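Peer 1: So here's coords-v7.txt (compact mmCIF, C-alpha atoms and all ligand atoms).
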```
# COMPACT_ATOMS: atom_id res chain seq x y z
CA MET A 1 65.01 122.19 -24.30
CA ILE A 2 62.74 120.20 -22.00
CA SER A 3 65.69 118.68 -20.23
CA ILE A 4 67.09 122.16 -19.66
CA ILE A 5 63.79 123.33 -18.18
CA LYS A 6 63.61 120.26 -15.98
CA LYS A 7 67.06 120.99 -14.70
CA ILE A 8 66.51 124.68 -14.10
CA ILE A 9 63.00 124.99 -12.72
CA PRO A 10 63.14 122.54 -9.86
CA THR A 11 66.38 124.08 -8.65
CA ASN A 12 65.03 127.63 -8.83
CA LEU A 13 61.80 126.59 -7.22
CA LYS A 14 63.62 124.72 -4.51
CA ASP A 15 65.85 127.72 -3.85
CA SER A 16 63.01 130.19 -3.70
CA ILE A 17 60.96 127.94 -1.41
CA LYS A 18 64.01 127.45 0.77
CA SER A 19 64.71 131.16 1.01
CA MET A 20 61.04 131.82 1.76
CA LEU A 21 61.10 129.28 4.57
CA ASP A 22 64.40 130.62 5.90
CA ARG A 23 62.94 134.09 6.04
CA ARG A 24 59.77 132.99 7.72
CA GLU A 25 61.18 130.63 10.32
CA ASN A 26 64.31 132.38 11.32
CA TYR A 27 63.17 135.12 13.66
CA THR A 28 64.72 134.69 17.08
CA CYS A 29 64.19 137.26 19.80
CA PRO A 30 67.46 138.16 21.49
CA PHE A 31 65.55 139.27 24.59
CA CYS A 32 63.13 136.40 25.24
CA ASN A 33 64.49 133.68 22.88
CA HIS A 34 61.10 133.35 21.25
CA THR A 35 61.32 131.99 17.70
CA SER A 36 58.58 132.48 15.17
CA LYS A 37 57.61 132.83 11.57
CA ASP A 38 56.09 136.26 11.88
CA LEU A 39 56.63 139.49 13.68
CA MET A 40 53.81 141.55 15.11
CA ARG A 41 52.55 144.82 13.67
CA ILE A 42 53.68 147.83 15.71
CA GLY A 43 53.72 151.63 15.36
CA TYR A 44 51.25 153.89 13.67
CA ASP A 45 51.20 155.57 10.31
CA LEU A 46 50.91 159.26 9.65
CA GLU A 47 51.01 160.90 6.26
CA VAL A 48 54.26 162.69 7.02
CA LEU A 49 56.01 159.47 8.10
CA ILE A 50 55.05 157.79 4.83
CA LYS A 51 55.82 160.80 2.63
CA LYS A 52 59.23 161.36 4.18
CA GLN A 53 59.98 157.62 4.47
CA VAL A 54 60.84 157.99 8.12
CA VAL A 55 62.93 155.14 9.48
CA GLY A 56 62.50 154.41 13.18
CA GLY A 57 58.78 155.15 13.23
CA GLY A 58 55.58 154.27 11.41
CA LYS A 59 53.54 151.11 11.12
CA ARG A 60 55.63 148.01 10.45
CA MET A 61 55.89 144.27 11.10
CA ALA A 62 58.61 144.53 13.73
CA GLY A 63 57.35 143.51 17.17
CA CYS A 64 58.26 140.29 18.94
CA ALA A 65 54.99 138.40 19.35
CA ASN A 66 56.10 137.14 22.75
CA CYS A 67 57.77 140.02 24.60
CA GLY A 68 56.79 142.96 22.39
CA SER A 69 60.36 144.19 21.77
CA SER A 70 60.72 146.34 18.66
CA ASP A 71 63.23 146.29 15.83
CA ARG A 72 64.72 149.46 17.34
CA ASP A 73 65.27 147.78 20.71
CA ARG A 74 66.83 144.71 19.15
CA LEU A 75 69.18 146.71 16.93
CA ILE A 76 70.92 148.45 19.83
CA TYR A 77 71.17 145.30 21.91
CA ILE A 78 72.57 143.19 19.07
CA TYR A 79 75.04 145.90 18.14
CA LEU A 80 76.32 146.03 21.74
CA LYS A 81 76.22 142.32 22.43
CA GLU A 82 77.14 140.69 19.13
CA LYS A 83 78.86 143.34 17.08
CA ILE A 84 81.15 144.97 19.63
CA LYS A 85 80.93 142.36 22.43
CA PHE A 86 80.19 145.03 25.01
CA PHE A 87 78.72 142.49 27.42
CA THR A 88 82.06 140.90 28.26
CA ASN A 89 83.49 143.30 30.82
CA LYS A 90 81.51 144.55 33.80
CA ASN A 91 83.96 147.34 34.43
CA LYS A 92 82.12 149.91 32.31
CA GLY A 93 80.13 153.02 32.95
CA ILE A 94 76.86 153.46 31.10
CA LEU A 95 74.56 156.46 30.95
CA HIS A 96 71.20 155.52 29.48
CA PHE A 97 68.59 158.17 28.67
CA ALA A 98 64.92 157.23 28.44
CA PRO A 99 66.00 153.61 28.88
CA GLU A 100 64.46 151.00 26.64
CA LYS A 101 63.02 148.42 29.05
CA TYR A 102 64.41 145.24 27.45
CA LEU A 103 67.87 146.64 26.91
CA SER A 104 67.91 148.03 30.44
CA ASN A 105 67.02 144.62 31.87
CA LYS A 106 69.89 142.99 29.97
CA ILE A 107 72.33 145.64 31.22
CA LEU A 108 71.15 145.13 34.81
CA GLU A 109 71.24 141.35 34.45
CA PHE A 110 74.87 141.52 33.32
CA GLY A 111 75.69 143.75 36.27
CA PHE A 112 77.83 146.58 34.91
CA ASP A 113 79.68 148.48 37.63
CA ASN A 114 78.20 151.87 36.93
CA TYR A 115 74.79 152.03 35.26
CA VAL A 116 72.86 155.28 35.40
CA CYS A 117 69.40 155.63 33.88
CA ALA A 118 68.15 159.12 33.12
CA ASP A 119 64.52 159.99 32.83
CA TYR A 120 62.22 162.95 33.39
CA PHE A 121 59.84 160.59 35.15
CA THR A 122 61.65 158.49 37.72
CA GLU A 123 58.52 156.85 39.15
CA GLY A 124 57.59 153.25 38.47
CA TYR A 125 61.06 151.84 37.87
CA GLN A 126 61.78 148.43 39.39
CA TYR A 127 65.42 149.44 39.86
CA PRO A 128 65.05 152.95 41.38
CA LYS A 129 68.63 153.16 42.66
CA HIS A 130 69.83 153.33 39.06
CA VAL A 131 67.41 156.05 37.99
CA LEU A 132 68.00 159.79 38.18
CA ASN A 133 66.04 162.76 36.95
CA ILE A 134 68.54 164.25 34.52
CA ASN A 135 68.20 167.02 31.99
CA VAL A 136 70.17 166.13 28.87
CA LEU A 137 71.19 169.79 28.56
CA ASN A 138 72.78 169.79 32.00
CA ILE A 139 74.09 166.36 32.96
CA PRO A 140 75.29 166.26 36.60
CA PHE A 141 78.45 164.26 35.91
CA GLN A 142 82.03 165.27 35.32
CA ASP A 143 83.68 165.26 31.91
CA ASN A 144 84.86 161.86 30.64
CA THR A 145 82.74 159.74 33.00
CA PHE A 146 81.04 157.11 30.84
CA ASP A 147 82.25 154.42 28.42
CA LEU A 148 78.86 154.25 26.76
CA VAL A 149 76.05 156.76 26.40
CA LEU A 150 72.69 155.61 25.07
CA CYS A 151 70.22 158.31 24.14
CA ASN A 152 67.78 156.99 21.59
CA HIS A 153 64.74 158.81 20.28
CA VAL A 154 65.31 161.77 22.56
CA LEU A 155 67.03 164.44 20.43
CA GLU A 156 63.98 164.95 18.19
CA HIS A 157 62.19 166.33 21.27
CA ILE A 158 64.82 168.96 22.05
CA PRO A 159 64.93 172.35 20.29
CA THR A 160 68.61 172.89 21.12
CA ASP A 161 69.69 169.42 20.05
CA LYS A 162 73.24 170.54 19.31
CA ASP A 163 73.67 171.61 22.95
CA ALA A 164 72.38 168.19 24.04
CA MET A 165 74.85 166.44 21.71
CA LYS A 166 77.72 168.50 23.15
CA GLU A 167 76.64 167.66 26.68
CA LEU A 168 76.47 163.93 25.84
CA LEU A 169 79.93 164.20 24.29
CA ARG A 170 81.28 165.95 27.37
CA VAL A 171 80.41 163.14 29.81
CA LEU A 172 81.67 160.45 27.43
CA LYS A 173 85.20 159.13 27.99
CA VAL A 174 87.73 159.66 25.23
CA GLY A 175 87.40 156.59 23.01
CA GLY A 176 83.94 155.85 24.42
CA GLN A 177 80.88 155.73 22.24
CA ALA A 178 77.42 157.18 22.19
CA ILE A 179 74.47 155.65 20.37
CA LEU A 180 72.05 158.42 19.48
CA GLN A 181 69.27 157.06 17.29
CA VAL A 182 66.51 159.32 15.98
CA PRO A 183 63.66 159.01 13.52
CA ILE A 184 65.24 159.93 10.20
CA SER A 185 63.83 160.68 6.75
CA LYS A 186 65.27 158.54 3.98
CA ASN A 187 64.38 160.96 1.25
CA SER A 188 65.14 164.35 2.84
CA ALA A 189 68.64 165.74 2.54
CA GLN A 190 67.95 168.40 5.16
CA THR A 191 66.47 168.20 8.62
CA TYR A 192 63.11 169.92 8.82
CA GLU A 193 62.49 172.00 11.92
CA ASP A 194 60.39 175.02 12.72
CA PHE A 195 60.29 176.19 16.32
CA SER A 196 57.36 178.53 15.70
CA ILE A 197 55.19 175.40 15.53
CA THR A 198 54.22 174.59 19.10
CA ASP A 199 50.68 173.27 18.72
CA PRO A 200 50.78 169.50 19.47
CA LYS A 201 48.36 168.69 16.64
CA GLN A 202 50.44 170.66 14.12
CA ARG A 203 53.61 169.03 15.39
CA GLU A 204 52.07 165.62 14.88
CA ILE A 205 51.11 166.50 11.31
CA LEU A 206 54.48 168.03 10.42
CA PHE A 207 56.96 166.11 12.60
CA GLY A 208 55.19 162.80 13.15
CA GLN A 209 54.55 163.08 16.90
CA PHE A 210 52.85 165.68 19.12
CA ASP A 211 56.04 166.44 21.08
CA HIS A 212 58.65 166.25 18.30
CA VAL A 213 60.23 169.48 17.14
CA ARG A 214 61.80 168.21 13.89
CA ILE A 215 62.26 165.40 11.43
CA TYR A 216 65.92 164.65 10.83
CA GLY A 217 67.18 164.31 7.28
CA GLN A 218 70.32 162.74 5.86
CA ASP A 219 72.31 165.65 7.32
CA TYR A 220 71.96 164.06 10.77
CA LEU A 221 75.45 162.65 10.52
CA THR A 222 76.86 166.11 9.83
CA ARG A 223 74.97 167.54 12.79
CA LEU A 224 76.57 164.94 15.07
CA LYS A 225 80.00 165.68 13.61
CA ASP A 226 79.45 169.42 14.10
CA ALA A 227 78.83 168.74 17.79
CA GLY A 228 82.27 167.12 17.98
CA PHE A 229 81.69 163.38 17.53
CA LYS A 230 83.54 161.11 15.12
CA VAL A 231 80.61 159.35 13.48
CA THR A 232 80.26 156.05 11.67
CA LYS A 233 77.00 154.93 10.09
CA LEU A 234 76.60 151.17 10.17
CA ASN A 235 73.92 148.77 8.98
CA ILE A 236 73.95 145.32 10.60
CA SER A 237 70.48 144.16 9.54
CA GLU A 238 71.82 141.63 6.99
CA GLU A 239 74.57 140.32 9.22
CA PHE A 240 72.12 139.67 12.05
CA ALA A 241 69.02 139.01 9.97
CA LYS A 242 67.55 136.41 12.32
CA TYR A 243 66.87 139.06 14.95
CA GLY A 244 64.30 140.81 12.78
CA LEU A 245 66.07 144.14 12.33
CA ASN A 246 64.86 146.89 10.02
CA LYS A 247 66.92 146.76 6.82
CA ASP A 248 66.66 150.55 6.50
CA GLU A 249 67.74 151.36 10.02
CA ASP A 250 71.37 152.43 10.31
CA ILE A 251 73.08 152.77 13.61
CA PHE A 252 74.94 156.00 14.31
CA ILE A 253 78.08 155.28 16.28
CA CYS A 254 79.39 158.46 17.82
CA ILE A 255 82.92 158.25 19.17
CA LYS A 256 84.73 160.78 21.33
ZN ZN B 1 60.87 138.65 22.47
```
Could you render the structure as structure tokens?
Peer 2:
Amino acid sequence: MISIIKKIIPTNLKDSIKSMLDRRENYTCPFCNHTSKDLMRIGYDLEVLIKKQVVGGGKRMAGCANCGSSDRDRLIYIYLKEKIKFFTNKNKGILHFAPEKYLSNKILEFGFDNYVCADYFTEGYQYPKHVLNINVLNIPFQDNTFDLVLCNHVLEHIPTDKDAMKELLRVLKVGGQAILQVPISKNSAQTYEDFSITDPKQREILFGQFDHVRIYGQDYLTRLKDAGFKVTKLNISEEFAKYGLNKDEDIFICIK
């Protein structure tokens, strides 16, 4: 019996210590190459975000301690760079709404032929020639213009989100893809929206942010499909664990 215990315990202990160390020492930031044991706390908690288990928001250990990038930022970049090797051919058109700073810098650094950033506020950008004031409901480009459309954490602000999805689909090339991440409730089947609620304080309480008009549920995929996209839900957090991705955050790949 004792010999069995001797054999088993040290191995188990060794394994668990090893896996603990692996977990704690493996974070590498894909943006700034910082490596560390711990990530920084980011986000804020609201009752509704906790109750509805909202992924893509809330307080979590997810920030790079060096550059401040979030798990959300890293997910999109790693998907594009590592998973689909998007950064191998400059001859691509990209439309990027409310551009995430770190991702934007990588796109600029690589030098894609056609990179358009869209924002309501065009001031303060260090690359103004790429930035246009564009309304997502009325995009001033012809059909089938872009290979990639990035529009993350925007749709939850827009009452007529289906119209926005259709407009994003329109400017996407056939075979191109759109990445349209939103905060999404893990435990709600249905999206919760109520356009009669316009008070910022009430919106914060019910939707998790003063200017959000809904909290998406698990029907988000269907909503994207209804707008005309072919949608695949993918989770790459295990495959690319060293980049500190959120294990609950799926990526919605929307193909035209
Ligand atoms: Zn970093």
Peer 1: Could you check the closest approach to ligand ZN 1 (chain B) for each of A:Lys37, A:Ile50, A:Arg74, A:Asp147 and tell me which residue wins, using only C-alpha atoms and all ligand atoms?
Peer 2: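 Going through A:Lys37, A:Ile50, A:Arg74, A:Asp147 one by one, the smallest distance to ligand ZN 1 (chain B) is for A:Arg74.
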Peer 1: Rank nothing, just name the residue among A:Pro128, A:Gly93, A:Pro200, A:Gly63 nearest to ligand ZN 1 (chain B), using only C-alpha atoms and all ligand atoms.
Peer 2: A:Gly63
Peer 1: Please return as a ChimeraX atom specification the residues found within 6 Å of ligand ZN 1 (chain B), counting only C-alpha atoms and all ligand atoms.
Peer 2: /A:29,31-32,34,64,66-69
Peer 1: Which value, in Å to one decimal, gives the distance between atom CA of A:Met165 and atom CA of A:Asp211?
Peer 2: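 Spanning atom CA of A:Met165 to atom CA of A:Asp211 is a straight-line distance of 18.8 Å.
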Peer 1: Please indicate the distance in Å from atom CA of A:Asn89 to atom CA of A:Leu148, rounded to one decimal place.
Peer 2: 12.6 Å
Peer 1: So which residues touch A:Glu82 within 9 Å, counting only C-alpha atoms, skipping near sequence neighbours fewer than 5 positions away, as a ChimeraX atom specification?
Peer 2: /A:77,87,240
Peer 1: May I have the protein, DNA and RNA residues with any atom at most 8 Å from the point (81.5, 141.4, 39.0), counting all atoms listed in the file, written as number ranges by chain?
Peer 2: A: 90-91, 111-113
Peer 1: Go ahead and save the picked residues with C-alpha atoms, as a short mmCIF file (atom, residue, chain, number, x, y, z; two decimals), keeping the file's coordinate frame.
Peer 2:
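Dumped everything to selection_21.cif:
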```cif
data_model
loop_
_atom_site.label_atom_id
_atom_site.label_comp_id
_atom_site.auth_asym_id
_atom_site.auth_seq_id
_atom_site.Cartn_x
_atom_site.Cartn_y
_atom_site.Cartn_z
CA LYS A 90 81.51 144.55 33.80
CA ASN A 91 83.96 147.34 34.43
CA GLY A 111 75.69 143.75 36.27
CA PHE A 112 77.83 146.58 34.91
CA ASP A 113 79.68 148.48 37.63
#
```
Peer 1: Give me, please, the distance in Å between atom CA of A:Val174 and atom CA of A:Lys83, quoted to one decimal.
Peer 2: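 Taking atom CA of A:Val174 and atom CA of A:Lys83, their separation equals 20.3 Å.
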Peer 1: Give me the residues near A:Gln177 as a ChimeraX atom specification, where near means some atom within 8 Å (using only C-alpha atoms) and where sequence neighbours in that chain fewer than 6 positions away do not count.
Peer 2: /A:147-149,253-256
Peer 1: Looking at A:Val48, A:Ala227, A:Met40, A:Leu245, which one is nearest to A:Tyr192, with distances taken over only C-alpha atoms?
Peer 2: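 Selected residue with least distance to A:Tyr192: A:Val48.
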Peer 1: Show me, as a PyMOL selection string, the residues that have an atom within 7 Å of A:Arg60 when counting all atoms listed in the file, minus same-chain residues fewer than 4 positions from it.
Peer 2: chain A and resi 41-43
Peer 1: Kindly indicate which residue among A:Asp250, A:Asp73, A:Glu109, A:Glu47 lies nearest to A:Phe207, using only C-alpha atoms for the distances.
Peer 2: A:Glu47
Peer 1: Could you check the closest approach to A:Ile197 for each of A:Phe141, A:Pro159, A:Val116, A:Leu46 and tell me which residue wins, using all atoms listed in the file?
Peer 2: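 Under the stated criterion, the closest residue is A:Pro159.
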Peer 1: Using only C-alpha atoms, which residues sit within 12 Å of A:Glu239 once same-chain residues fewer than 5 positions away are excluded, as a VMD selection string?
Peer 2: chain A and resid 75 78 to 79 82 to 83 234 244 to 247
Peer 1: Pick out the residues sitting within 9 Å of A:Gly57, and hand them over as a PDB file with C-alpha atoms, keeping the file's coordinate frame; count all atoms listed in the file, and ignore anything fewer than 3 positions along from it in its own chain.
Peer 2:
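The result, stored in part25.pdb:
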```pdb
ATOM      1  CA  GLY A  43      53.720 151.630  15.360  1.00  0.00           C
ATOM      2  CA  TYR A  44      51.250 153.890  13.670  1.00  0.00           C
ATOM      3  CA  ASP A  45      51.200 155.570  10.310  1.00  0.00           C
ATOM      4  CA  LEU A  49      56.010 159.470   8.100  1.00  0.00           C
ATOM      5  CA  VAL A  54      60.840 157.990   8.120  1.00  0.00           C
ATOM      6  CA  ARG A  60      55.630 148.010  10.450  1.00  0.00           C
ATOM      7  CA  PRO A 183      63.660 159.010  13.520  1.00  0.00           C
ATOM      8  CA  ILE A 184      65.240 159.930  10.200  1.00  0.00           C
ATOM      9  CA  GLY A 208      55.190 162.800  13.150  1.00  0.00           C
TER      10      GLY A 208
END
```
Peer 1: Counting all atoms listed in the file, figure out which residue out of A:Ala241, A:Ile76, A:Val55, A:Ala65 gets nearest to A:Asn33.
Peer 2: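 So, comparing all the options, the nearest one is A:Ala65.
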Peer 1: Contacts between stretch 215-223 of chain A and stretch 127-167 of chain A, please, where a residue of stretch 127-167 of chain A counts if it comes within 10 Å (with only C-alpha atoms); show its shortest atom pair and distance in Å to one decimal, rows by chain and ascending number, as a Markdown table.
Peer 2:
```
| residue | atom | partner | partner_atom | distance |
| --- | --- | --- | --- | --- |
| A:Leu155 | CA | A:Tyr216 | CA | 9.7 |
| A:Glu156 | CA | A:Ile215 | CA | 7.0 |
| A:His157 | CA | A:Ile215 | CA | 9.9 |
| A:Asp161 | CA | A:Arg223 | CA | 9.2 |
| A:Lys162 | CA | A:Arg223 | CA | 7.4 |
| A:Met165 | CA | A:Arg223 | CA | 9.0 |
```
Peer 1: Please complete stretch 167-181 of chain A with N, CA and C atoms and give it back as an mmCIF file, keeping the file's coordinate frame.
Peer 2:
```cif
data_model
loop_
_atom_site.group_PDB
_atom_site.id
_atom_site.type_symbol
_atom_site.label_atom_id
_atom_site.label_comp_id
_atom_site.auth_asym_id
_atom_site.auth_seq_id
_atom_site.Cartn_x
_atom_site.Cartn_y
_atom_site.Cartn_z
ATOM 1 N N GLU A 167 76.679 168.074 25.275
ATOM 2 C CA GLU A 167 76.640 167.660 26.680
ATOM 3 C C GLU A 167 76.864 166.135 26.790
ATOM 4 N N LEU A 168 76.287 165.388 25.868
ATOM 5 C CA LEU A 168 76.470 163.930 25.840
ATOM 6 C C LEU A 168 77.942 163.601 25.542
ATOM 7 N N LEU A 169 78.514 164.372 24.634
ATOM 8 C CA LEU A 169 79.930 164.200 24.290
ATOM 9 C C LEU A 169 80.828 164.498 25.501
ATOM 10 N N ARG A 170 80.474 165.522 26.222
ATOM 11 C CA ARG A 170 81.280 165.950 27.370
ATOM 12 C C ARG A 170 81.443 164.843 28.420
ATOM 13 N N VAL A 171 80.346 164.142 28.739
ATOM 14 C CA VAL A 171 80.410 163.140 29.810
ATOM 15 C C VAL A 171 80.952 161.787 29.315
ATOM 16 N N LEU A 172 81.120 161.681 28.010
ATOM 17 C CA LEU A 172 81.670 160.450 27.430
ATOM 18 C C LEU A 172 83.187 160.444 27.597
ATOM 19 N N LYS A 173 83.733 159.256 27.910
ATOM 20 C CA LYS A 173 85.200 159.130 27.990
ATOM 21 C C LYS A 173 85.797 159.235 26.596
ATOM 22 N N VAL A 174 87.032 159.654 26.516
ATOM 23 C CA VAL A 174 87.730 159.660 25.230
ATOM 24 C C VAL A 174 87.833 158.212 24.756
ATOM 25 N N GLY A 175 87.407 157.960 23.537
ATOM 26 C CA GLY A 175 87.400 156.590 23.010
ATOM 27 C C GLY A 175 86.082 155.870 23.280
ATOM 28 N N GLY A 176 85.249 156.440 24.139
ATOM 29 C CA GLY A 176 83.940 155.850 24.420
ATOM 30 C C GLY A 176 82.976 156.132 23.271
ATOM 31 N N GLN A 177 81.835 155.481 23.318
ATOM 32 C CA GLN A 177 80.880 155.730 22.240
ATOM 33 C C GLN A 177 79.470 156.029 22.719
ATOM 34 N N ALA A 178 78.815 156.844 21.926
ATOM 35 C CA ALA A 178 77.420 157.180 22.190
ATOM 36 C C ALA A 178 76.574 156.644 21.037
ATOM 37 N N ILE A 179 75.425 156.100 21.381
ATOM 38 C CA ILE A 179 74.470 155.650 20.370
ATOM 39 C C ILE A 179 73.271 156.588 20.477
ATOM 40 N N LEU A 180 73.057 157.361 19.438
ATOM 41 C CA LEU A 180 72.050 158.420 19.480
ATOM 42 C C LEU A 180 71.092 158.280 18.299
ATOM 43 N N GLN A 181 70.200 157.310 18.392
ATOM 44 C CA GLN A 181 69.270 157.060 17.290
ATOM 45 C C GLN A 181 68.122 158.071 17.312
#
```
